[in-house]
$ cat model15.pdb   # PDB, C-alpha atoms
ATOM      1  CA  MET A   1       0.113  64.182 -26.808  1.00  0.00           C
ATOM      2  CA  TRP A   2       1.654  62.947 -23.558  1.00  0.00           C
ATOM      3  CA  THR A   3      -0.701  59.946 -23.548  1.00  0.00           C
ATOM      4  CA  GLY A   4       0.723  58.729 -26.853  1.00  0.00           C
ATOM      5  CA  LYS A   5       4.269  59.137 -25.567  1.00  0.00           C
ATOM      6  CA  LYS A   6       3.453  57.166 -22.418  1.00  0.00           C
ATOM      7  CA  ASP A   7       2.028  54.371 -24.562  1.00  0.00           C
ATOM      8  CA  VAL A   8       5.130  54.281 -26.755  1.00  0.00           C
ATOM      9  CA  VAL A   9       7.467  54.209 -23.747  1.00  0.00           C
ATOM     10  CA  SER A  10       5.360  51.521 -22.048  1.00  0.00           C
ATOM     11  CA  GLY A  11       5.249  49.499 -25.252  1.00  0.00           C
ATOM     12  CA  ILE A  12       9.023  49.687 -25.683  1.00  0.00           C
ATOM     13  CA  PHE A  13       9.504  48.590 -22.075  1.00  0.00           C
ATOM     14  CA  LEU A  14       7.149  45.639 -22.599  1.00  0.00           C
ATOM     15  CA  LEU A  15       8.904  44.705 -25.847  1.00  0.00           C
ATOM     16  CA  VAL A  16      12.288  44.651 -24.103  1.00  0.00           C
ATOM     17  CA  LEU A  17      10.747  42.674 -21.244  1.00  0.00           C
ATOM     18  CA  SER A  18       9.274  40.133 -23.671  1.00  0.00           C
ATOM     19  CA  CYS A  19      12.704  39.645 -25.270  1.00  0.00           C
ATOM     20  CA  ALA A  20      14.270  39.123 -21.832  1.00  0.00           C
ATOM     21  CA  ILE A  21      11.569  36.608 -20.890  1.00  0.00           C
ATOM     22  CA  TYR A  22      12.094  34.738 -24.153  1.00  0.00           C
ATOM     23  CA  LEU A  23      15.851  34.549 -23.644  1.00  0.00           C
ATOM     24  CA  SER A  24      15.357  33.413 -20.055  1.00  0.00           C
ATOM     25  CA  ALA A  25      12.861  30.773 -21.148  1.00  0.00           C
ATOM     26  CA  ARG A  26      15.439  29.335 -23.525  1.00  0.00           C
ATOM     27  CA  GLN A  27      17.701  28.697 -20.507  1.00  0.00           C
ATOM     28  CA  ILE A  28      15.144  26.785 -18.394  1.00  0.00           C
ATOM     29  CA  PRO A  29      16.410  23.269 -17.680  1.00  0.00           C
ATOM     30  CA  THR A  30      14.006  20.456 -18.408  1.00  0.00           C
ATOM     31  CA  ARG A  31      13.539  17.027 -16.902  1.00  0.00           C
ATOM     32  CA  LEU A  32      11.510  15.705 -19.804  1.00  0.00           C
ATOM     33  CA  ARG A  33      13.343  15.472 -23.105  1.00  0.00           C
ATOM     34  CA  ILE A  34      10.326  14.578 -25.221  1.00  0.00           C
ATOM     35  CA  GLY A  35       7.514  16.723 -26.568  1.00  0.00           C
ATOM     36  CA  VAL A  36       6.954  20.149 -25.094  1.00  0.00           C
ATOM     37  CA  ASP A  37       9.761  21.243 -22.806  1.00  0.00           C
ATOM     38  CA  SER A  38       9.703  23.483 -19.729  1.00  0.00           C
ATOM     39  CA  GLY A  39      10.407  26.656 -21.661  1.00  0.00           C
ATOM     40  CA  PHE A  40       7.528  26.247 -24.116  1.00  0.00           C
ATOM     41  CA  LEU A  41       4.837  28.138 -22.205  1.00  0.00           C
ATOM     42  CA  PRO A  42       7.151  31.021 -21.172  1.00  0.00           C
ATOM     43  CA  GLU A  43       8.197  31.326 -24.825  1.00  0.00           C
ATOM     44  CA  ILE A  44       4.536  31.523 -25.884  1.00  0.00           C
ATOM     45  CA  VAL A  45       3.815  34.109 -23.180  1.00  0.00           C
ATOM     46  CA  SER A  46       6.829  36.193 -24.202  1.00  0.00           C
ATOM     47  CA  ALA A  47       5.727  36.081 -27.852  1.00  0.00           C
ATOM     48  CA  ALA A  48       2.202  37.190 -26.895  1.00  0.00           C
ATOM     49  CA  LEU A  49       3.645  39.967 -24.739  1.00  0.00           C
ATOM     50  CA  GLY A  50       5.823  41.062 -27.662  1.00  0.00           C
ATOM     51  CA  VAL A  51       2.836  41.213 -30.013  1.00  0.00           C
ATOM     52  CA  LEU A  52       0.823  43.217 -27.475  1.00  0.00           C
ATOM     53  CA  ALA A  53       3.795  45.543 -26.951  1.00  0.00           C
ATOM     54  CA  VAL A  54       3.985  46.238 -30.682  1.00  0.00           C
ATOM     55  CA  ILE A  55       0.243  46.988 -30.716  1.00  0.00           C
ATOM     56  CA  ILE A  56       0.657  49.403 -27.779  1.00  0.00           C
ATOM     57  CA  ILE A  57       3.562  51.134 -29.528  1.00  0.00           C
ATOM     58  CA  TRP A  58       1.557  51.402 -32.742  1.00  0.00           C
ATOM     59  CA  GLN A  59      -1.479  52.837 -30.951  1.00  0.00           C
ATOM     60  CA  GLY A  60       0.713  55.278 -29.050  1.00  0.00           C
ATOM     61  CA  MET A  61       2.275  56.510 -32.266  1.00  0.00           C
ATOM     62  CA  ARG A  62      -1.173  56.911 -33.859  1.00  0.00           C
ATOM     63  CA  SER A  63      -2.474  58.870 -30.912  1.00  0.00           C
ATOM     64  CA  SER A  64      -2.308  62.524 -31.819  1.00  0.00           C
ATOM     65  CA  SER A  65      -5.025  63.780 -29.515  1.00  0.00           C
ATOM     66  CA  ALA A  66      -4.363  66.068 -26.595  1.00  0.00           C
ATOM     67  CA  ALA A  67      -3.399  64.503 -23.284  1.00  0.00           C
ATOM     68  CA  GLU A  68      -6.297  63.023 -21.427  1.00  0.00           C
ATOM     69  CA  THR A  69      -7.094  64.871 -18.269  1.00  0.00           C
ATOM     70  CA  PRO A  70      -8.905  63.367 -15.307  1.00  0.00           C
ATOM     71  CA  GLN A  71     -12.613  64.173 -15.059  1.00  0.00           C
ATOM     72  CA  ASP A  72     -13.898  66.329 -12.219  1.00  0.00           C
ATOM     73  CA  GLY A  73     -13.357  64.554  -8.920  1.00  0.00           C
ATOM     74  CA  GLU A  74     -11.266  61.819 -10.527  1.00  0.00           C
ATOM     75  CA  VAL A  75      -7.747  61.646  -9.205  1.00  0.00           C
ATOM     76  CA  GLN A  76      -5.143  59.462 -10.824  1.00  0.00           C
ATOM     77  CA  SER A  77      -2.855  58.006  -8.205  1.00  0.00           C
ATOM     78  CA  ALA A  78       0.439  56.200  -8.549  1.00  0.00           C
ATOM     79  CA  VAL A  79       0.041  54.569  -5.130  1.00  0.00           C
ATOM     80  CA  PRO A  80      -1.390  51.250  -6.436  1.00  0.00           C
ATOM     81  CA  VAL A  81       1.399  51.034  -9.009  1.00  0.00           C
ATOM     82  CA  VAL A  82       4.092  51.583  -6.376  1.00  0.00           C
ATOM     83  CA  GLN A  83       2.395  49.109  -4.028  1.00  0.00           C
ATOM     84  CA  SER A  84       2.268  46.515  -6.812  1.00  0.00           C
ATOM     85  CA  LEU A  85       5.952  46.999  -7.643  1.00  0.00           C
ATOM     86  CA  ILE A  86       6.917  46.604  -3.984  1.00  0.00           C
ATOM     87  CA  LEU A  87       4.716  43.510  -3.773  1.00  0.00           C
ATOM     88  CA  ILE A  88       6.377  41.968  -6.842  1.00  0.00           C
ATOM     89  CA  VAL A  89       9.846  42.486  -5.368  1.00  0.00           C
ATOM     90  CA  ALA A  90       8.719  41.033  -2.029  1.00  0.00           C
ATOM     91  CA  TYR A  91       7.207  38.057  -3.859  1.00  0.00           C
ATOM     92  CA  GLY A  92      10.518  37.429  -5.599  1.00  0.00           C
ATOM     93  CA  PHE A  93      12.262  37.179  -2.238  1.00  0.00           C
ATOM     94  CA  ALA A  94       9.459  35.273  -0.495  1.00  0.00           C
ATOM     95  CA  ILE A  95       9.191  32.571  -3.137  1.00  0.00           C
ATOM     96  CA  THR A  96      12.733  31.375  -2.392  1.00  0.00           C
ATOM     97  CA  ILE A  97      12.149  31.414   1.369  1.00  0.00           C
ATOM     98  CA  VAL A  98       8.657  29.961   1.836  1.00  0.00           C
ATOM     99  CA  GLY A  99       8.137  28.267  -1.525  1.00  0.00           C
ATOM    100  CA  PHE A 100       5.917  28.772  -4.545  1.00  0.00           C
ATOM    101  CA  ILE A 101       2.474  27.923  -3.201  1.00  0.00           C
ATOM    102  CA  PRO A 102       2.421  29.961   0.049  1.00  0.00           C
ATOM    103  CA  ALA A 103       4.193  32.947  -1.534  1.00  0.00           C
ATOM    104  CA  THR A 104       1.843  32.924  -4.517  1.00  0.00           C
ATOM    105  CA  ILE A 105      -1.259  32.722  -2.321  1.00  0.00           C
ATOM    106  CA  VAL A 106      -0.158  35.689  -0.214  1.00  0.00           C
ATOM    107  CA  PHE A 107       0.948  37.627  -3.311  1.00  0.00           C
ATOM    108  CA  LEU A 108      -2.378  37.125  -5.085  1.00  0.00           C
ATOM    109  CA  ILE A 109      -4.473  38.046  -2.056  1.00  0.00           C
ATOM    110  CA  ALA A 110      -2.414  41.197  -1.472  1.00  0.00           C
ATOM    111  CA  GLN A 111      -2.618  42.112  -5.170  1.00  0.00           C
ATOM    112  CA  PHE A 112      -6.399  41.629  -5.140  1.00  0.00           C
ATOM    113  CA  PHE A 113      -6.642  44.028  -2.191  1.00  0.00           C
ATOM    114  CA  ILE A 114      -4.502  46.604  -3.977  1.00  0.00           C
ATOM    115  CA  LEU A 115      -6.441  46.459  -7.238  1.00  0.00           C
ATOM    116  CA  ALA A 116     -10.023  46.023  -6.000  1.00  0.00           C
ATOM    117  CA  PRO A 117     -12.047  49.108  -5.105  1.00  0.00           C
ATOM    118  CA  ARG A 118     -12.653  49.349  -1.358  1.00  0.00           C
ATOM    119  CA  ASP A 119     -16.386  48.755  -1.633  1.00  0.00           C
ATOM    120  CA  GLU A 120     -15.957  45.662  -3.818  1.00  0.00           C
ATOM    121  CA  ARG A 121     -13.435  43.726  -1.723  1.00  0.00           C
ATOM    122  CA  ARG A 122     -14.474  40.176  -0.894  1.00  0.00           C
ATOM    123  CA  PRO A 123     -11.712  38.549   1.185  1.00  0.00           C
ATOM    124  CA  ALA A 124     -13.241  35.067   1.139  1.00  0.00           C
ATOM    125  CA  SER A 125     -13.394  35.104  -2.660  1.00  0.00           C
ATOM    126  CA  PHE A 126      -9.824  36.407  -2.821  1.00  0.00           C
ATOM    127  CA  VAL A 127      -8.580  33.509  -0.675  1.00  0.00           C
ATOM    128  CA  VAL A 128     -10.469  30.863  -2.662  1.00  0.00           C
ATOM    129  CA  VAL A 129      -9.260  32.203  -6.027  1.00  0.00           C
ATOM    130  CA  ALA A 130      -5.668  32.593  -4.780  1.00  0.00           C
ATOM    131  CA  VAL A 131      -5.490  29.047  -3.396  1.00  0.00           C
ATOM    132  CA  ILE A 132      -6.994  27.503  -6.524  1.00  0.00           C
ATOM    133  CA  ALA A 133      -4.721  29.542  -8.829  1.00  0.00           C
ATOM    134  CA  ALA A 134      -1.552  28.767  -6.859  1.00  0.00           C
ATOM    135  CA  VAL A 135      -2.198  25.028  -6.541  1.00  0.00           C
ATOM    136  CA  THR A 136      -3.311  24.709 -10.171  1.00  0.00           C
ATOM    137  CA  SER A 137      -0.272  26.638 -11.429  1.00  0.00           C
ATOM    138  CA  PHE A 138       2.035  24.512  -9.296  1.00  0.00           C
ATOM    139  CA  ALA A 139       0.472  21.297 -10.608  1.00  0.00           C
ATOM    140  CA  ILE A 140       0.573  22.384 -14.247  1.00  0.00           C
ATOM    141  CA  PHE A 141       4.177  23.515 -14.169  1.00  0.00           C
ATOM    142  CA  THR A 142       5.510  20.740 -11.934  1.00  0.00           C
ATOM    143  CA  TYR A 143       3.642  17.740 -13.275  1.00  0.00           C
ATOM    144  CA  GLY A 144       2.658  18.944 -16.739  1.00  0.00           C
ATOM    145  CA  PHE A 145       5.799  20.738 -17.873  1.00  0.00           C
ATOM    146  CA  GLY A 146       8.365  19.267 -15.484  1.00  0.00           C
ATOM    147  CA  VAL A 147       9.462  22.675 -14.186  1.00  0.00           C
ATOM    148  CA  ILE A 148      11.038  22.573 -10.745  1.00  0.00           C
ATOM    149  CA  LEU A 149       9.390  25.314  -8.670  1.00  0.00           C
ATOM    150  CA  PRO A 150      10.636  26.428  -5.262  1.00  0.00           C
ATOM    151  CA  SER A 151       9.134  24.312  -2.509  1.00  0.00           C
ATOM    152  CA  THR A 152       8.655  25.178   1.118  1.00  0.00           C
ATOM    153  CA  ASN A 153      12.085  24.930   2.714  1.00  0.00           C
ATOM    154  CA  LEU A 154      11.522  27.354   5.585  1.00  0.00           C
ATOM    155  CA  TRP A 155      11.094  24.598   8.172  1.00  0.00           C
ATOM    156  CA  GLN A 156      13.742  22.162   6.883  1.00  0.00           C
ATOM    157  CA  GLY A 157      16.514  23.675   8.979  1.00  0.00           C
ATOM    158  CA  LEU A 158      14.600  23.253  12.238  1.00  0.00           C
TER     159      LEU A 158
END

$ encode --input "model15.pdb" --output "structure tokens"
Amino acid sequence: MWTGKKDVVSGIFLLVLSCAIYLSARQIPTRLRIGVDSGFLPEIVSAALGVLAVIIIWQGMRSSSAAETPQDGEVQSAVPVVQSLILIVAYGFAITIVGFIPATIVFLIAQFFILAPRDERRPASFVVVAVIAAVTSFAIFTYGFGVILPSTNLWQGL
């Protein structure tokens, strides 16, 4: 029964988060006043997150089975979750200091290391994917949607 309760609590958290993202997206300033504005994609993402949150809540409420227990030898650890939360907070601070692209590259590589099993870690692949994702995201949001992302300002004061 605890599994269903965890799903309901997680779903409620995600639903509240999706509402906060939507409200924040409505406040994003835009440079382009025609067509799709800067808040369009975050609004779509928040709507999708809201729909998924409702599905999670619904599934959690339907779940009436006994709590799932780990199989023999399987240990569920909260360490990756805590590491990911710390990494997200650090990313929030780093993005304003070093800029979007370098902070995102480091964040993605670190997140890949946290989430990948030890025997399946491929650092070269992590770096390639992180660089491509960061540069592509920067280009899409900056040039496609007109969103002003933090740039590297670490060296401007020197």

$ closest_residue --input "model15.pdb" --among "A:Leu15, A:Ala124, A:Leu115, A:Ile132" --to "Gln83 of chain A" --atoms "all atoms listed in the file"
A:Leu115

$ residues_around --input "model15.pdb" --residues "Val16 of chain A" --least-positions-apart "5" --cutoff "10 Å" --atoms "all atoms listed in the file" --output "ChimeraX atom specification"
/A:10-11,21-22,49-50,53

$ atom_distance --input "model15.pdb" --atom1 "atom CA of Glu43 of chain A" --atom2 "atom CA of Gly146 of chain A"
15.3 Å

$ atom_distance --input "model15.pdb" --atom1 "atom CA of Phe138 of chain A" --atom2 "atom CA of Ser84 of chain A"
22.1 Å

$ atom_distance --input "model15.pdb" --atom1 "atom CA of Val79 of chain A" --atom2 "atom CA of Ser18 of chain A"
25.2 Å

$ axis_aligned_box --input "model15.pdb" --around "segment 50-60 of chain A" --padding-each-side "8 Å" --output "lines of an AutoDock Vina configuration file"
center_x = 2.2
center_y = 48.2
center_z = -29.8
size_x = 23.3
size_y = 30.2
size_z = 21.8

$ closest_atom_pairs --input "model15.pdb" --of "segment 107-132 of chain A" --to "segment 98-101 of chain A" --cutoff "12 Å" --atoms "all atoms listed in the file" --output "CSV"
residue,atom,partner,partner_atom,distance
A:Phe107,CA,A:Ile101,CA,9.8
A:Leu108,CA,A:Ile101,CA,10.6
A:Ala130,CA,A:Ile101,CA,9.5
A:Val131,CA,A:Ile101,CA,8.0
A:Ile132,CA,A:Ile101,CA,10.0

$ closest_residue --input "model15.pdb" --among "A:Leu14, A:Ile88, A:Ala47, A:Ala134" --to "Leu149 of chain A" --atoms "all atoms listed in the file"
A:Ala134

$ closest_residue --input "model15.pdb" --among "A:Val54, A:Ala116, A:Leu41, A:Val81" --to "Ile12 of chain A" --atoms "all atoms listed in the file"
A:Val54
